[in-house]
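Encoded as structure tokens, the structure appears first; notes follow it.
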Amino acid sequence: MTRPETPAQACPEPAAAPAPAGAEPTGARAGAGAEPSGTGAGAGEPGEPGELRRRYTAADLAVFTREEASRFVPQGDGDPQHDMVLAWELLYRLEPGLYDRLASAERLHPGVVSWLPRHVDQIAEVGAGTGRLTMELIGRGRRIVAVEPALPLRRILRRKLAAADHGDRVQVIHGFFDRLPLPDDSADLVVACSAFTPSPAHGGEAGLAEMERVCRPGGCVAIIWPNHLDWLATRGYRYVSFPGPMSVEFGSVPEAVELAGIFYSGAAGEIRRRGSRKVPFEVIGINPPRDLAFKVLPG
Ligand SMILES: C[S@@+](CC[C@H](N)C(=O)[O-])C[C@H]1O[C@@H](n2cnc3c(N)ncnc32)[C@H](O)[C@@H]1O
């Protein structure tokens with residue numbers, strides 16, 4: 001693990017290590033709600049996704065817009081009880097407040113946020129969700145554009161920004177990785193947090209190319225809480241991870257037990273036994289949000 005100097009401008013070549021070969025994080029949230037790699041475990045194992053697996057049915061796929069369906073159910077069908085990626089996408093649209101409660105508890109390592117460049121002009125965030133990262137970006141860029149495809153999440157993010165009196169600093173817009181509604185070379189930092197994966201529906205080659213198109217020469221593309229490190233490393237992305245214990249910080253013990261039942265049931269019993277609202281990521285069985293992969297584009 002390497003702790004680089006805090007960059008004053010867009011990621012100026014910190015001494016970060018390349019992504020170690022074969023070092024895929026285990027049990028990662030897997031961005032964009034992709035299936036955590038612990039899912040194959042038997043019931044009651046850490047990393048087991050919990051009741052989310054049974055929460056929605058194929059009938060719920062009707063909530064997708066045509067654009068969403070073309071990415072998430074390209075064959076026109078799918079079963080969110082067998083495809084956790086679909087279950088997460090339905091969560092964002094059917095129960096955005098529930099997703100927001102989870103994301104608010106799974107806070108980013110402060111090292112990740114402070115590593116990002118500050119005092120830059122333009123920041124573009126893709127897959128902004130309800131703003132776990134967006135709210136941290138305020139103050140780091142003169143202007144921030146938050147791209148998010150799911151309307152219910154955009155609404156929550158706009159409400160949060162307005163409540164914090166930052167509605168004028170951040171523009172929240174609709175868009176997808178593979179077709180970013182942003183000009184070439186327009187941002188000093190292009191960043192995604194727990195949203196990008198190599199799958200075409202959640203980024204893929206086209207999405208990475210789009211992020212790099214939007215980033216100015218000498219700017220930085222950063223993928224926070226990455227999985228598929230090898231995939232990113234072969235595309236020139238380097239890796240930074242920040243050490244130290246990390247816990248999911250729920251609002252209360254009852255909330256910890258409730259959300260664990262939905263999102264990581266394998267840990268619910270242990271959470272109940274511990275009786276604490278703070279639950280170490282190891283107990284939950286997912287990789288903590290302590291890392292990022294980044295590329296500084298040639299100037
Ligand atoms: C796990 S959430 C993370 C949200 C937020 N970045 C955070 O860290 O809390 C994944 C996000 O990626 C978004 N997403 C999914 N597919 C996408 C796509 N093709 N293009 C852009 N965003 C996408 C989802 O709508 C959701 O907001």
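Chain lettering (A, B, ...) mirrors the order of the structure tokens, residue numbering begins at 1 for each chain separately, and ligand numbering begins at 1 in order of display.
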Inset, instruction - Could you tell me, counting only C-alpha atoms and all ligand atoms, which protein and nucleic acid residues lie no more than 6 Å from ligand 1, written as a PyMOL selection string? - result: chain A and resi 31-33+103+126-133+148-150+176-177+193-195+201-203
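The protein and nucleic acid residues lying at most 9 Å from Asp184 of chain A are A:Glu210, A:Glu212, A:Arg213, A:Val214, A:Cys215, A:Arg216, with only C-alpha atoms considered and sequence neighbours fewer than 6 positions away removed.
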Go ahead and write the residues just picked, N, CA and C atoms, as a PDB file, in the first residue's frame.
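Here's the written file selection-v5.pdb:
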ATOM      1  N   GLU A 210     -15.144   6.965 -22.691  1.00  0.00           N
ATOM      2  CA  GLU A 210     -15.894   8.199 -22.495  1.00  0.00           C
ATOM      3  C   GLU A 210     -15.320   9.039 -21.348  1.00  0.00           C
ATOM      4  N   GLU A 212     -12.309   9.077 -20.357  1.00  0.00           N
ATOM      5  CA  GLU A 212     -11.025   9.645 -20.806  1.00  0.00           C
ATOM      6  C   GLU A 212     -11.245  10.727 -21.863  1.00  0.00           C
ATOM      7  N   ARG A 213     -12.286  10.600 -22.653  1.00  0.00           N
ATOM      8  CA  ARG A 213     -12.599  11.654 -23.640  1.00  0.00           C
ATOM      9  C   ARG A 213     -12.935  12.969 -22.935  1.00  0.00           C
ATOM     10  N   VAL A 214     -13.692  12.867 -21.849  1.00  0.00           N
ATOM     11  CA  VAL A 214     -14.153  14.059 -21.137  1.00  0.00           C
ATOM     12  C   VAL A 214     -13.020  14.707 -20.336  1.00  0.00           C
ATOM     13  N   CYS A 215     -12.038  13.897 -19.957  1.00  0.00           N
ATOM     14  CA  CYS A 215     -10.922  14.406 -19.144  1.00  0.00           C
ATOM     15  C   CYS A 215      -9.944  15.197 -20.015  1.00  0.00           C
ATOM     16  N   ARG A 216      -9.491  16.340 -19.524  1.00  0.00           N
ATOM     17  CA  ARG A 216      -8.553  17.160 -20.299  1.00  0.00           C
ATOM     18  C   ARG A 216      -7.151  16.522 -20.277  1.00  0.00           C
TER      19      ARG A 216
END
Inset, instruction - Determine which residues of segment 245-281 of chain A receive a DSSP assignment of strand (DSSP E or B), computed from the backbone, and state them as number ranges by chain. - result: A: 247-249, 278-280
C-alpha atoms of the current selection, written as a PDB file, in the first residue's frame:
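Dumped to result-v2.pdb:
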ATOM      1  CA  SER A 247     -16.497  -0.016   9.799  1.00  0.00           C
ATOM      2  CA  VAL A 248     -19.910   0.472   8.318  1.00  0.00           C
ATOM      3  CA  GLU A 249     -21.494   3.144  10.515  1.00  0.00           C
ATOM      4  CA  LYS A 278     -20.501   0.223  13.946  1.00  0.00           C
ATOM      5  CA  VAL A 279     -19.777  -2.988  12.096  1.00  0.00           C
ATOM      6  CA  PRO A 280     -16.276  -3.811  10.799  1.00  0.00           C
TER       7      PRO A 280
END
Inset, instruction - From a DSSP pass on the backbone, collect the residues of segment 169-282 of chain A flagged as helix (DSSP H, G or I) and hand them back as a ChimeraX atom specification. - result: /A:200-202,204-214,229-233,253-263,265-274,281-282
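Distance check against Asp188 of chain A using only C-alpha atoms: of A:Leu52, A:Val63, A:Val120, A:Leu208, the minimum falls on A:Val120.
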Legend entry - For Pro243 of chain A, the nearest of the candidates A:Arg71, A:His109, A:Arg101, A:Lys160, counting only C-alpha atoms: A:His109
Legend entry - For Thr57 of chain A: contacts at 9 Å, only C-alpha atoms, fewer than 5 positions along chain excluded, given as a VMD selection string: chain A and resid 79 to 81 87
For the residues in that selection, give me all heavy atoms as a short mmCIF file (atom, residue, chain, number, x, y, z; two decimals), in the first residue's frame.
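The resulting file, result.cif, is reproduced below:
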data_model
loop_
_atom_site.label_atom_id
_atom_site.label_comp_id
_atom_site.auth_asym_id
_atom_site.auth_seq_id
_atom_site.Cartn_x
_atom_site.Cartn_y
_atom_site.Cartn_z
N ASP A 79 -34.11 -11.79 -14.50
CA ASP A 79 -34.72 -12.19 -13.23
C ASP A 79 -33.89 -11.62 -12.08
O ASP A 79 -32.79 -12.11 -11.81
CB ASP A 79 -34.78 -13.72 -13.15
CG ASP A 79 -35.42 -14.18 -11.86
OD1 ASP A 79 -35.74 -13.32 -10.99
OD2 ASP A 79 -35.61 -15.39 -11.70
N PRO A 80 -34.42 -10.58 -11.41
CA PRO A 80 -33.64 -9.97 -10.33
C PRO A 80 -33.44 -10.90 -9.13
O PRO A 80 -32.69 -10.55 -8.22
CB PRO A 80 -34.49 -8.74 -9.95
CG PRO A 80 -35.87 -9.04 -10.43
CD PRO A 80 -35.72 -9.94 -11.63
N GLN A 81 -34.11 -12.06 -9.15
CA GLN A 81 -33.87 -13.01 -8.05
C GLN A 81 -32.65 -13.88 -8.37
O GLN A 81 -32.14 -14.56 -7.49
CB GLN A 81 -35.11 -13.84 -7.80
CG GLN A 81 -36.33 -12.93 -7.56
CD GLN A 81 -37.41 -13.52 -6.71
OE1 GLN A 81 -37.49 -14.72 -6.54
NE2 GLN A 81 -38.26 -12.65 -6.18
N ALA A 87 -31.10 -6.58 -9.46
CA ALA A 87 -31.73 -6.27 -8.18
C ALA A 87 -31.27 -4.90 -7.68
O ALA A 87 -32.07 -4.09 -7.19
CB ALA A 87 -31.43 -7.35 -7.15
#
Legend entry - Of the listed residues A:Tyr99, A:Phe242, A:Phe294, A:Phe196, that which approaches Asp178 of chain A most closely, counting only C-alpha atoms: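 Looking only at the distances to Asp178 of chain A, the closest residue turns out to be A:Phe196.
The environment of Arg169 of chain A within 8 Å, counting only C-alpha atoms and disregarding residues fewer than 4 places along the same chain, consists of Ile138, Arg142, Arg143 and Ile144 of chain A.
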Inset, instruction - Determine the nearest neighbour of Ala146 of chain A from the options A:Gln171, A:Ser276, A:Gln122, A:Ser241, counting only C-alpha atoms. - result: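 Going through A:Gln171, A:Ser276, A:Gln122, A:Ser241 one by one, the smallest distance to Ala146 of chain A is for A:Gln171.
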Legend entry - Distance of atom CA of Asn227 of chain A from atom CA of Gly141 of chain A, expressed in Å to one decimal place: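 Distance between the two atoms: 26.1 Å.
A straight line drawn from atom CA of Arg179 of chain A to atom CA of Ala209 of chain A is 9.7 Å long.
One finds atom CA of Gly111 of chain A at 21.8 Å from atom CA of Val283 of chain A.
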Legend entry - Counting only C-alpha atoms, the residue of A:Ala192, A:Val147, A:Met135, A:Leu232 that sits nearest Gly167 of chain A: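 Among the listed residues, A:Met135 lies closest to Gly167 of chain A.
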